[in-house]
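To be precise, the following lines are input04.txt, and they hold compact mmCIF, C-alpha atoms and all ligand atoms.
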# COMPACT_ATOMS: atom_id res chain seq x y z
CA MET A 1 0.00 0.00 0.00
CA ARG A 2 0.97 3.66 -0.19
CA ALA A 3 2.10 5.90 2.67
CA SER A 4 4.02 9.08 3.28
CA VAL A 5 6.69 8.60 5.93
CA LEU A 6 9.02 10.86 7.87
CA ARG A 7 12.61 10.11 6.84
CA LYS A 8 15.38 12.30 8.25
CA GLY A 9 13.19 15.38 8.58
CA SER A 10 11.24 15.15 5.27
CA MET A 11 8.07 13.40 4.22
CA VAL A 12 8.84 10.68 1.67
CA TYR A 13 6.26 8.90 -0.50
CA ARG A 14 6.39 5.08 -0.49
CA ASP A 15 4.29 2.56 -2.39
CA ASP A 16 5.85 -0.55 -0.86
CA VAL A 17 4.49 -0.47 2.68
CA PRO A 18 2.91 -3.78 3.75
CA THR A 19 -0.82 -3.45 4.46
CA PRO A 20 -1.22 -3.99 8.22
CA VAL A 21 -3.08 -7.03 9.49
CA PRO A 22 -5.47 -6.46 12.42
CA GLY A 23 -4.76 -8.45 15.57
CA GLU A 24 -7.18 -9.16 18.39
CA GLY A 25 -8.96 -5.97 19.45
CA GLN A 26 -7.87 -4.13 16.31
CA VAL A 27 -9.69 -2.95 13.20
CA LEU A 28 -8.25 -2.32 9.75
CA ILE A 29 -9.30 1.12 8.51
CA ARG A 30 -9.14 2.51 4.99
CA VAL A 31 -8.12 6.13 5.48
CA LEU A 32 -10.45 8.63 3.78
CA ALA A 33 -8.91 11.86 5.07
CA CYS A 34 -6.26 12.94 7.54
CA GLY A 35 -5.42 16.46 8.66
CA VAL A 36 -1.82 17.62 8.76
CA CYS A 37 -1.14 18.74 12.32
CA GLY A 38 1.27 21.49 13.33
CA GLY A 39 2.60 18.99 15.85
CA ASP A 40 3.70 16.73 12.99
CA LEU A 41 5.54 19.61 11.32
CA HIS A 42 7.18 20.32 14.61
CA PHE A 43 8.09 16.68 15.12
CA ALA A 44 9.61 16.47 11.63
CA GLU A 45 11.89 19.35 12.51
CA HIS A 46 12.51 18.81 16.24
CA GLY A 47 11.72 15.13 16.85
CA ALA A 48 15.02 14.37 18.57
CA GLN A 49 14.69 17.41 20.80
CA LEU A 50 11.15 16.47 21.77
CA ALA A 51 12.24 12.93 22.62
CA GLU A 52 15.06 14.33 24.74
CA LEU A 53 12.72 16.67 26.67
CA ALA A 54 10.22 13.88 27.35
CA GLU A 55 13.01 11.63 28.57
CA LYS A 56 14.48 14.33 30.82
CA MET A 57 11.05 14.86 32.36
CA THR A 58 10.10 11.25 33.00
CA GLY A 59 13.39 9.36 32.93
CA ALA A 60 11.99 7.27 30.09
CA PRO A 61 11.25 8.00 26.42
CA THR A 62 7.47 8.21 27.06
CA LEU A 63 6.47 10.28 24.05
CA THR A 64 8.47 8.31 21.54
CA ASP A 65 8.46 4.88 23.17
CA GLY A 66 11.25 2.91 21.49
CA LEU A 67 10.99 5.08 18.37
CA ASP A 68 14.02 5.01 16.05
CA LEU A 69 14.30 8.45 14.46
CA ASP A 70 16.85 7.14 11.96
CA ALA A 71 14.25 4.75 10.53
CA ASP A 72 11.04 5.72 8.70
CA VAL A 73 8.38 7.13 11.03
CA PHE A 74 4.63 6.87 10.35
CA MET A 75 2.57 9.89 11.45
CA GLY A 76 -0.92 11.33 10.93
CA HIS A 77 -3.35 11.45 13.85
CA GLU A 78 -6.33 13.52 12.61
CA TYR A 79 -7.86 10.70 10.58
CA VAL A 80 -11.24 9.49 9.46
CA GLY A 81 -11.63 6.18 7.66
CA GLU A 82 -13.90 3.36 6.79
CA VAL A 83 -13.92 -0.02 8.50
CA VAL A 84 -12.49 -2.79 6.30
CA ALA A 85 -12.00 -5.77 8.61
CA ALA A 86 -11.76 -6.66 12.27
CA GLY A 87 -9.12 -8.80 13.97
CA PRO A 88 -9.89 -12.29 15.29
CA GLY A 89 -12.61 -12.34 17.95
CA THR A 90 -13.04 -8.57 17.69
CA GLU A 91 -16.39 -6.83 17.71
CA ALA A 92 -16.38 -3.90 15.30
CA PRO A 93 -18.78 -1.80 13.26
CA GLU A 94 -19.79 -3.24 9.88
CA PRO A 95 -17.38 -2.87 6.97
CA GLY A 96 -17.98 0.46 5.25
CA THR A 97 -18.88 2.26 8.48
CA VAL A 98 -17.09 5.60 8.65
CA VAL A 99 -15.23 6.01 11.93
CA THR A 100 -12.64 8.06 13.73
CA SER A 101 -10.79 7.66 17.01
CA MET A 102 -8.56 9.69 19.22
CA PRO A 103 -4.91 8.87 18.55
CA ALA A 104 -4.38 6.47 21.42
CA MET A 105 -4.04 2.79 22.11
CA ILE A 106 -5.08 0.70 25.06
CA THR A 107 -2.18 -1.09 26.68
CA ALA A 108 -1.83 -3.15 29.85
CA GLY A 109 -0.67 0.06 31.55
CA GLY A 110 -3.69 2.12 30.42
CA MET A 111 -4.33 4.43 27.50
CA ARG A 112 -1.26 5.79 25.74
CA PRO A 113 -0.90 8.37 22.99
CA ARG A 114 -0.21 6.97 19.54
CA LEU A 115 1.30 9.68 17.39
CA TYR A 116 4.50 8.27 15.90
CA SER A 117 5.52 4.74 15.02
CA ASN A 118 8.20 2.89 13.07
CA THR A 119 5.93 -0.09 12.52
CA SER A 120 2.25 0.91 12.54
CA PRO A 121 1.03 3.29 9.81
CA GLY A 122 -0.88 6.42 10.83
CA GLY A 123 -3.28 8.54 8.82
CA TYR A 124 -0.83 9.42 6.04
CA ALA A 125 -1.41 5.99 4.49
CA ASP A 126 -3.97 3.94 2.55
CA PHE A 127 -4.72 1.75 5.57
CA MET A 128 -4.10 1.82 9.31
CA LEU A 129 -5.03 -0.13 12.43
CA LEU A 130 -7.15 1.29 15.25
CA ASP A 131 -8.24 -0.15 18.59
CA ALA A 132 -11.83 -1.35 18.22
CA ALA A 133 -12.65 -0.13 21.72
CA LEU A 134 -11.78 3.47 20.83
CA LEU A 135 -13.72 3.74 17.56
CA LEU A 136 -16.35 6.44 17.24
CA PRO A 137 -18.78 6.29 14.34
CA VAL A 138 -18.81 9.49 12.32
CA PRO A 139 -22.43 10.69 12.48
CA ASP A 140 -24.51 10.08 9.37
CA GLY A 141 -24.09 12.60 6.65
CA LEU A 142 -21.04 14.34 8.09
CA ASP A 143 -18.36 14.81 5.45
CA PRO A 144 -15.29 12.79 6.54
CA ARG A 145 -13.17 15.83 5.72
CA LEU A 146 -14.97 17.92 8.32
CA ALA A 147 -14.84 15.07 10.84
CA THR A 148 -11.02 15.11 10.77
CA LEU A 149 -11.25 18.45 12.58
CA ALA A 150 -12.68 16.76 15.68
CA GLU A 151 -9.13 16.13 16.88
CA PRO A 152 -7.63 19.62 16.61
CA MET A 153 -10.88 21.25 17.80
CA ALA A 154 -10.85 19.01 20.89
CA VAL A 155 -7.59 20.71 21.88
CA GLY A 156 -9.43 24.04 22.12
CA LEU A 157 -12.36 22.50 23.97
CA HIS A 158 -9.96 21.01 26.53
CA ALA A 159 -8.14 24.32 27.03
CA VAL A 160 -11.42 26.14 27.62
CA THR A 161 -12.73 23.43 29.98
CA MET A 162 -9.50 23.41 31.98
CA SER A 163 -9.60 27.20 32.30
CA SER A 164 -13.00 26.99 34.08
CA ILE A 165 -13.97 30.24 32.36
CA GLU A 166 -17.58 31.20 33.09
CA PRO A 167 -20.02 32.02 30.30
CA GLY A 168 -20.17 35.80 30.06
CA THR A 169 -16.54 36.22 31.04
CA GLY A 170 -14.27 37.65 28.36
CA ALA A 171 -11.15 36.09 26.91
CA ILE A 172 -8.01 37.14 25.10
CA VAL A 173 -6.61 34.69 22.56
CA ILE A 174 -3.06 35.33 21.38
CA GLY A 175 -2.46 33.65 18.02
CA CYS A 176 -5.01 32.46 15.45
CA GLY A 177 -3.23 29.35 14.17
CA PRO A 178 -5.12 26.04 14.39
CA ALA A 179 -4.78 25.92 18.21
CA GLY A 180 -5.91 29.53 18.72
CA ILE A 181 -8.81 29.01 16.31
CA ALA A 182 -9.88 25.89 18.21
CA VAL A 183 -9.83 27.90 21.46
CA ILE A 184 -11.87 30.72 19.90
CA ALA A 185 -14.50 28.27 18.60
CA ALA A 186 -14.75 26.55 22.00
CA LEU A 187 -15.01 29.88 23.84
CA LYS A 188 -17.79 30.98 21.51
CA ALA A 189 -19.69 27.70 21.97
CA HIS A 190 -19.27 28.08 25.75
CA GLY A 191 -20.79 31.57 25.74
CA ALA A 192 -17.62 33.37 26.81
CA GLY A 193 -17.20 36.93 25.61
CA PRO A 194 -16.11 39.33 24.46
CA ILE A 195 -13.35 37.36 22.70
CA ILE A 196 -10.47 39.57 21.63
CA ALA A 197 -7.72 37.86 19.62
CA SER A 198 -4.54 38.84 17.83
CA ASP A 199 -2.46 37.55 14.94
CA LEU A 200 0.17 38.96 12.60
CA SER A 201 -1.48 37.41 9.52
CA PRO A 202 -4.46 39.16 7.88
CA ALA A 203 -5.84 35.82 6.66
CA ARG A 204 -5.75 34.35 10.14
CA ARG A 205 -7.31 37.46 11.62
CA GLY A 206 -10.17 36.96 9.17
CA LEU A 207 -10.48 33.31 10.14
CA GLY A 208 -10.43 34.23 13.84
CA ARG A 209 -13.41 36.53 13.33
CA MET A 210 -15.22 33.94 11.25
CA MET A 211 -14.78 31.34 14.00
CA GLY A 212 -16.19 33.54 16.73
CA ALA A 213 -13.79 36.27 17.89
CA ASP A 214 -15.49 39.62 18.40
CA GLU A 215 -12.37 41.44 17.34
CA VAL A 216 -8.96 40.34 16.05
CA VAL A 217 -6.18 42.90 16.15
CA ASP A 218 -2.85 43.18 14.38
CA PRO A 219 -0.41 43.37 17.33
CA ARG A 220 1.86 45.67 15.28
CA THR A 221 -0.96 48.22 15.20
CA GLU A 222 -2.67 47.71 18.54
CA GLY A 223 -1.67 45.35 21.36
CA VAL A 224 -4.32 42.80 22.26
CA PHE A 225 -4.36 43.96 25.91
CA ASP A 226 -4.91 47.58 24.77
CA ALA A 227 -7.75 46.35 22.56
CA TRP A 228 -9.22 44.52 25.55
CA GLU A 229 -9.11 47.66 27.69
CA ARG A 230 -10.85 49.58 24.93
CA THR A 231 -13.86 47.22 25.23
CA GLY A 232 -14.25 48.27 28.88
CA ALA A 233 -15.46 44.72 29.60
CA HIS A 234 -15.36 43.19 33.08
CA PRO A 235 -14.38 40.99 34.91
CA THR A 236 -10.72 40.18 34.28
CA PRO A 237 -10.37 38.13 31.09
CA VAL A 238 -8.82 34.68 30.84
CA VAL A 239 -5.80 34.85 28.54
CA PHE A 240 -5.02 31.99 26.14
CA GLU A 241 -1.47 31.99 24.76
CA ALA A 242 -1.54 30.00 21.51
CA VAL A 243 1.63 31.14 19.75
CA GLY A 244 4.29 29.16 21.61
CA VAL A 245 7.46 31.00 20.68
CA PRO A 246 10.08 32.10 23.21
CA GLY A 247 9.39 35.54 24.66
CA MET A 248 5.59 35.29 24.47
CA LEU A 249 5.06 34.23 28.09
CA ASP A 250 7.14 37.07 29.50
CA ASP A 251 5.34 39.54 27.27
CA VAL A 252 1.96 38.21 28.44
CA LEU A 253 3.05 38.40 32.09
CA ARG A 254 4.15 42.00 31.62
CA ARG A 255 0.94 43.13 29.91
CA ALA A 256 -1.78 40.98 31.46
CA PRO A 257 -4.16 42.74 33.87
CA PHE A 258 -4.13 42.18 37.64
CA ALA A 259 -5.21 38.69 38.76
CA ALA A 260 -5.45 37.39 35.18
CA ARG A 261 -5.31 33.68 34.52
CA VAL A 262 -3.05 32.71 31.63
CA VAL A 263 -3.68 29.38 29.91
CA VAL A 264 -0.68 28.20 27.90
CA VAL A 265 -1.77 26.27 24.79
CA GLY A 266 1.18 27.05 22.49
CA ALA A 267 4.06 24.64 23.05
CA SER A 268 7.55 26.09 22.93
CA MET A 269 10.31 23.48 23.04
CA GLU A 270 12.90 26.11 23.87
CA PRO A 271 13.72 27.24 27.39
CA ASP A 272 11.86 30.53 27.80
CA ALA A 273 12.85 33.07 30.45
CA ILE A 274 10.12 34.88 32.39
CA THR A 275 10.30 37.75 34.86
CA PRO A 276 8.63 36.44 38.03
CA TYR A 277 8.21 39.99 39.32
CA TYR A 278 5.51 40.75 36.73
CA GLY A 279 3.56 37.70 37.83
CA ILE A 280 3.98 38.34 41.53
CA ALA A 281 3.15 42.03 41.33
CA LYS A 282 -0.15 41.21 39.59
CA GLU A 283 -0.84 37.79 41.14
CA ILE A 284 -1.07 36.15 37.72
CA SER A 285 -1.90 32.43 37.51
CA PHE A 286 -0.27 30.29 34.87
CA GLN A 287 -1.93 27.11 33.68
CA PHE A 288 -0.49 24.70 31.10
CA VAL A 289 -2.78 22.41 29.09
CA GLN A 290 -2.33 19.66 26.55
CA ALA A 291 -4.49 17.43 24.34
CA TYR A 292 -7.97 16.35 25.57
CA THR A 293 -9.95 13.59 27.25
CA PRO A 294 -11.90 10.86 25.36
CA ASP A 295 -15.15 12.63 26.32
CA GLU A 296 -13.89 15.93 24.96
CA PHE A 297 -12.88 14.22 21.71
CA ALA A 298 -16.38 12.74 21.34
CA GLU A 299 -18.01 16.08 22.23
CA SER A 300 -15.85 17.83 19.65
CA LEU A 301 -17.03 15.41 16.94
CA ARG A 302 -20.65 15.92 18.02
CA ARG A 303 -20.36 19.71 17.84
CA ILE A 304 -19.03 19.52 14.29
CA ALA A 305 -21.68 16.98 13.24
CA ASP A 306 -24.51 19.05 14.75
CA GLY A 307 -23.27 22.20 13.05
CA GLU A 308 -22.56 23.99 16.33
CA ILE A 309 -19.06 24.66 15.04
CA ASP A 310 -18.48 25.20 11.33
CA VAL A 311 -14.95 24.03 10.64
CA GLU A 312 -15.14 24.28 6.86
CA PRO A 313 -13.37 27.69 6.65
CA MET A 314 -10.33 26.15 8.38
CA ILE A 315 -9.70 23.66 5.55
CA THR A 316 -7.53 25.45 3.05
CA GLY A 317 -6.08 22.62 0.98
CA GLU A 318 -6.16 18.95 0.05
CA VAL A 319 -3.29 16.79 -1.20
CA GLY A 320 -2.76 13.13 -2.11
CA LEU A 321 -0.29 10.83 -0.39
CA GLU A 322 2.39 11.75 -2.93
CA ASP A 323 2.31 15.41 -1.91
CA VAL A 324 2.47 15.36 1.88
CA GLU A 325 5.95 16.90 1.80
CA SER A 326 4.66 19.88 -0.18
CA ALA A 327 1.74 20.23 2.27
CA PHE A 328 4.23 20.39 5.15
CA ALA A 329 6.10 23.17 3.32
CA ASP A 330 2.94 25.07 2.33
CA LEU A 331 1.64 25.12 5.92
CA GLY A 332 4.50 27.46 6.74
CA ASP A 333 2.58 30.26 5.01
CA PRO A 334 -0.27 31.47 7.26
CA GLU A 335 -1.60 33.69 4.46
CA ARG A 336 -2.42 30.64 2.39
CA HIS A 337 -3.09 27.83 4.83
CA CYS A 338 -4.64 26.83 8.13
CA LYS A 339 -5.39 23.12 7.72
CA ILE A 340 -4.38 20.89 4.79
CA LEU A 341 -6.00 17.46 4.50
CA VAL A 342 -4.30 14.40 3.06
CA ILE A 343 -6.90 12.54 0.98
CA PRO A 344 -5.64 9.06 0.01
CA VAL A 345 -8.80 8.20 -1.95
CA ALA A 346 -10.12 9.64 -5.21
CA GLU A 347 -12.53 12.56 -4.89
CA HIS A 348 -15.44 10.58 -6.35
CA GLU A 349 -14.87 7.82 -3.77
CA LEU A 350 -15.11 10.36 -0.97
CA THR A 351 -18.34 11.67 -2.45
CA ALA A 352 -19.58 8.10 -2.77
CA VAL A 353 -18.83 7.53 0.90
CA ARG A 354 -20.84 10.55 1.84
CA THR A 355 -23.89 9.61 -0.18
CA THR A 356 -24.05 5.82 -0.20
CA ALA A 357 -22.30 4.45 2.86
CA TYR A 358 -24.56 6.43 5.16
CA PRO A 359 -28.18 5.43 5.56
CA SER A 360 -30.37 8.17 4.15
CA ASN A 361 -32.45 10.27 6.52
CA GLU A 362 -35.65 8.58 5.34
CA SER A 363 -34.45 5.06 6.09
CA ARG A 364 -33.41 6.14 9.57
CA SER A 365 -36.65 7.78 10.65
ZN ZN A 401 -2.83 17.26 16.21

Take the structure I supplied and represent it as structure tokens, if you would.
Amino acid sequence: MRASVLRKGSMVYRDDVPTPVPGEGQVLIRVLACGVCGGDLHFAEHGAQLAELAEKMTGAPTLTDGLDLDADVFMGHEYVGEVVAAGPGTEAPEPGTVVTSMPAMITAGGMRPRLYSNTSPGGYADFMLLDAALLLPVPDGLDPRLATLAEPMAVGLHAVTMSSIEPGTGAIVIGCGPAGIAVIAALKAHGAGPIIASDLSPARRGLGRMMGADEVVDPRTEGVFDAWERTGAHPTPVVFEAVGVPGMLDDVLRRAPFAARVVVVGASMEPDAITPYYGIAKEISFQFVQAYTPDEFAESLRRIADGEIDVEPMITGEVGLEDVESAFADLGDPERHCKILVIPVAEHELTAVRTTAYPSNESRS
């Protein structure tokens, strides 16, 4: 089968990957669509550094469990596919059922993330294996392309849930990349407001407004905290930092209002100096968040399926398995791209999935 693999920092197309065989508890999935995640871009560039940080923190290579970065690495964790076959003795939805799952696997030691592997293909492939127990059916009629956004949007839902922000309380969102956009959409759905965001890119500022921000400023023209003050809104906003480059946290500490809570969504791999005085003088709380729970993943899929969140404007491109490397490069330009999907199947097959594999509304009622 075909796959695009990470080899020494670049995505390489292969057509000689063995099709995986489902074992007990596993299901073979034919991938219909898989979003390219910023985390994958980051891993392609800084995989070794990430592995080193995880190992320093835990004393074991938790994130990259036995991963050999000198060998081909399978990635792709924002996938939607159709059930092909189940492993021996495994209960699974009928073949043809469109499903997704959070990128995890159930092991003897509990649930573990499943983002990178030397042996098991991910979503940048024709086929992949998923744990039957983690499968979620994609609701009838939902375009598989839109359903791939359940994963990245769950990140925003988790950040907002962890922040405990009350409906009616305002928020500042710094950065309108995929993570910032997911936070904005979750804040809007939660009833938080006003939502004031910032981004350097005009295209992303537009997307931020489309996804629910009341105002999105260009920080070169007006700082986001100045824009917040201009609204005159009370009480103190919750601040979401979704840029993740060194220097951002100190800047936020310096500018944030008294008693603000700062939720850190953007992941910087670099050491990043802060000035504790700013935080102490204003009694700022810092909170770091990552990923999401299984319930949040399911809720994220439901929100997209029910039309509570329209993720279509986020999808800015589609490529085949041969062109994943170019998608990785193109995502560097925020003016052109937010989310690129890898579509291993032909367009007409995807359309066929949408119209024939789902029961029609009449036959369901
Ligand atoms: Zn992701």

**OP:** Tell me which protein, DNA and RNA residues are within 12 Å of Pro167 in chain A, counting only C-alpha atoms, leaving out same-chain ones fewer than 6 positions away, and put them as an MDAnalysis selection string.
**Re:** chainID A and resid 160:161 186:195 235 237:238

With C-alpha atoms retained, write the just-selected residues as a PDB file, in the frame of the given file.
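Listing of part-v2.pdb after writing:
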ATOM      1  CA  VAL A 160     -11.420  26.140  27.620  1.00  0.00           C
ATOM      2  CA  THR A 161     -12.730  23.430  29.980  1.00  0.00           C
ATOM      3  CA  ALA A 186     -14.750  26.550  22.000  1.00  0.00           C
ATOM      4  CA  LEU A 187     -15.010  29.880  23.840  1.00  0.00           C
ATOM      5  CA  LYS A 188     -17.790  30.980  21.510  1.00  0.00           C
ATOM      6  CA  ALA A 189     -19.690  27.700  21.970  1.00  0.00           C
ATOM      7  CA  HIS A 190     -19.270  28.080  25.750  1.00  0.00           C
ATOM      8  CA  GLY A 191     -20.790  31.570  25.740  1.00  0.00           C
ATOM      9  CA  ALA A 192     -17.620  33.370  26.810  1.00  0.00           C
ATOM     10  CA  GLY A 193     -17.200  36.930  25.610  1.00  0.00           C
ATOM     11  CA  PRO A 194     -16.110  39.330  24.460  1.00  0.00           C
ATOM     12  CA  ILE A 195     -13.350  37.360  22.700  1.00  0.00           C
ATOM     13  CA  PRO A 235     -14.380  40.990  34.910  1.00  0.00           C
ATOM     14  CA  PRO A 237     -10.370  38.130  31.090  1.00  0.00           C
ATOM     15  CA  VAL A 238      -8.820  34.680  30.840  1.00  0.00           C
TER      16      VAL A 238
END

Subject >> Expected answer as a ChimeraX atom specification: residues within 12 Å of ligand ZN 401 (chain A), all atoms listed in the file >> reply: /A:34-43,75-79,102-103,113-116,123,148-156,178-179,182,290-292,297,339

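Near Ala86 in chain A, within 7 Å and counting only C-alpha atoms, sit Pro22, Gln26, Val27, Leu28 and Ala92 of chain A, not including residues fewer than 6 positions from it in the same chain.
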
**OP:** Using CA of Gly23 in chain A and CA of Pro88 in chain A as the two end points, give the distance in Å to one decimal.
**Re:** 6.4 Å

**OP:** Go through A:Pro144, A:Glu55, A:Glu308, A:Glu325 one by one, measure the shortest atom-to-atom distance of each to Thr97 in chain A using all atoms listed in the file, and give the residue with the smallest value.
**Re:** A:Pro144

Can you build me a table of range 179-224 of chain A residues sitting at most 12 Å from range 316-319 of chain A, with the closest atom pair per residue and its distance in Å to one decimal, using all atoms listed in the file, sorted by chain and residue number, as CSV?
residue,atom,partner,partner_atom,distance
A:Ala203,CA,A:Thr316,CA,11.1
A:Arg204,CA,A:Thr316,CA,11.5
A:Leu207,CA,A:Thr316,CA,11.0

Restricted to C-alpha atoms, what would the selected residues look like written as an mmCIF file, keeping the file's coordinate frame?
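So the final result, stored in again-v3.cif, reads:
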data_model
loop_
_atom_site.group_PDB
_atom_site.id
_atom_site.type_symbol
_atom_site.label_atom_id
_atom_site.label_comp_id
_atom_site.auth_asym_id
_atom_site.auth_seq_id
_atom_site.Cartn_x
_atom_site.Cartn_y
_atom_site.Cartn_z
ATOM 1 C CA ALA A 203 -5.840 35.820 6.660
ATOM 2 C CA ARG A 204 -5.750 34.350 10.140
ATOM 3 C CA LEU A 207 -10.480 33.310 10.140
#

Can you build me a table of range 113-187 of chain A residues sitting at most 10 Å from range 252-268 of chain A, with the closest atom pair per residue and its distance in Å to one decimal, using all atoms listed in the file, sorted by chain and residue number, as a tab-separated table?
residue	atom	partner	partner_atom	distance
A:Val155	CA	A:Val265	CA	8.6
A:Gly156	CA	A:Val265	CA	8.4
A:His158	CA	A:Val265	CA	9.9
A:Ala159	CA	A:Val265	CA	7.0
A:Val160	CA	A:Val263	CA	8.7
A:Met162	CA	A:Val263	CA	8.6
A:Ser163	CA	A:Val263	CA	6.7
A:Ile165	CA	A:Arg261	CA	9.6
A:Ala171	CA	A:Arg261	CA	9.9
A:Ile172	CA	A:Val262	CA	9.3
A:Val173	CA	A:Val263	CA	9.5
A:Ile174	CA	A:Val252	CA	9.1
A:Gly175	CA	A:Gly266	CA	8.8
A:Gly177	CA	A:Gly266	CA	9.7
A:Ala179	CA	A:Val265	CA	7.2
A:Gly180	CA	A:Val265	CA	8.0
A:Val183	CA	A:Val265	CA	8.9

**OP:** May I have the protein, DNA and RNA residues with an atom at most 9 Å from (2.6, 4.7, 1.9), counting only C-alpha atoms in the file's coordinates, returned as a PyMOL selection string?
**Re:** chain A and resi 1-5+12-18+74+121+124-127+321-322

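What separates CA of Ala185 in chain A from CA of Ile309 in chain A is a distance of 6.8 Å.
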
**OP:** Would you please work out which residue, of A:Phe286, A:Met57, A:Leu50, A:Pro137, is nearest to Pro93 in chain A when using all atoms listed in the file?
**Re:** A:Pro137

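Interatomic distance, CA of Met11 in chain A to CA of Leu135 in chain A: 27.3 Å.
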
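Proximity to Gly81 in chain A was assessed for A:Ile340, A:Leu136, A:Ala51, A:Ala213 counting all atoms listed in the file; the smallest distance is recorded for A:Leu136.
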
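Excluding Ala305 in chain A itself and any same-chain residue fewer than 5 positions from it, the protein and nucleic acid residues within 9 Å of it, counting all atoms listed in the file, are Val138, Pro139, Asp140, Gly141, Leu142, Asp143, Leu146, Ala147 and Ser300 of chain A.
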
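Closest approach to Pro344 in chain A among A:Met211, A:Val80, A:Val21, A:Leu157 is made by A:Val80 (distances from only C-alpha atoms).
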
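You can rank A:Thr275, A:Thr107, A:Thr100, A:Ser10 by their closest distance to Met128 in chain A using only C-alpha atoms, and at the top of that list sits A:Thr100.
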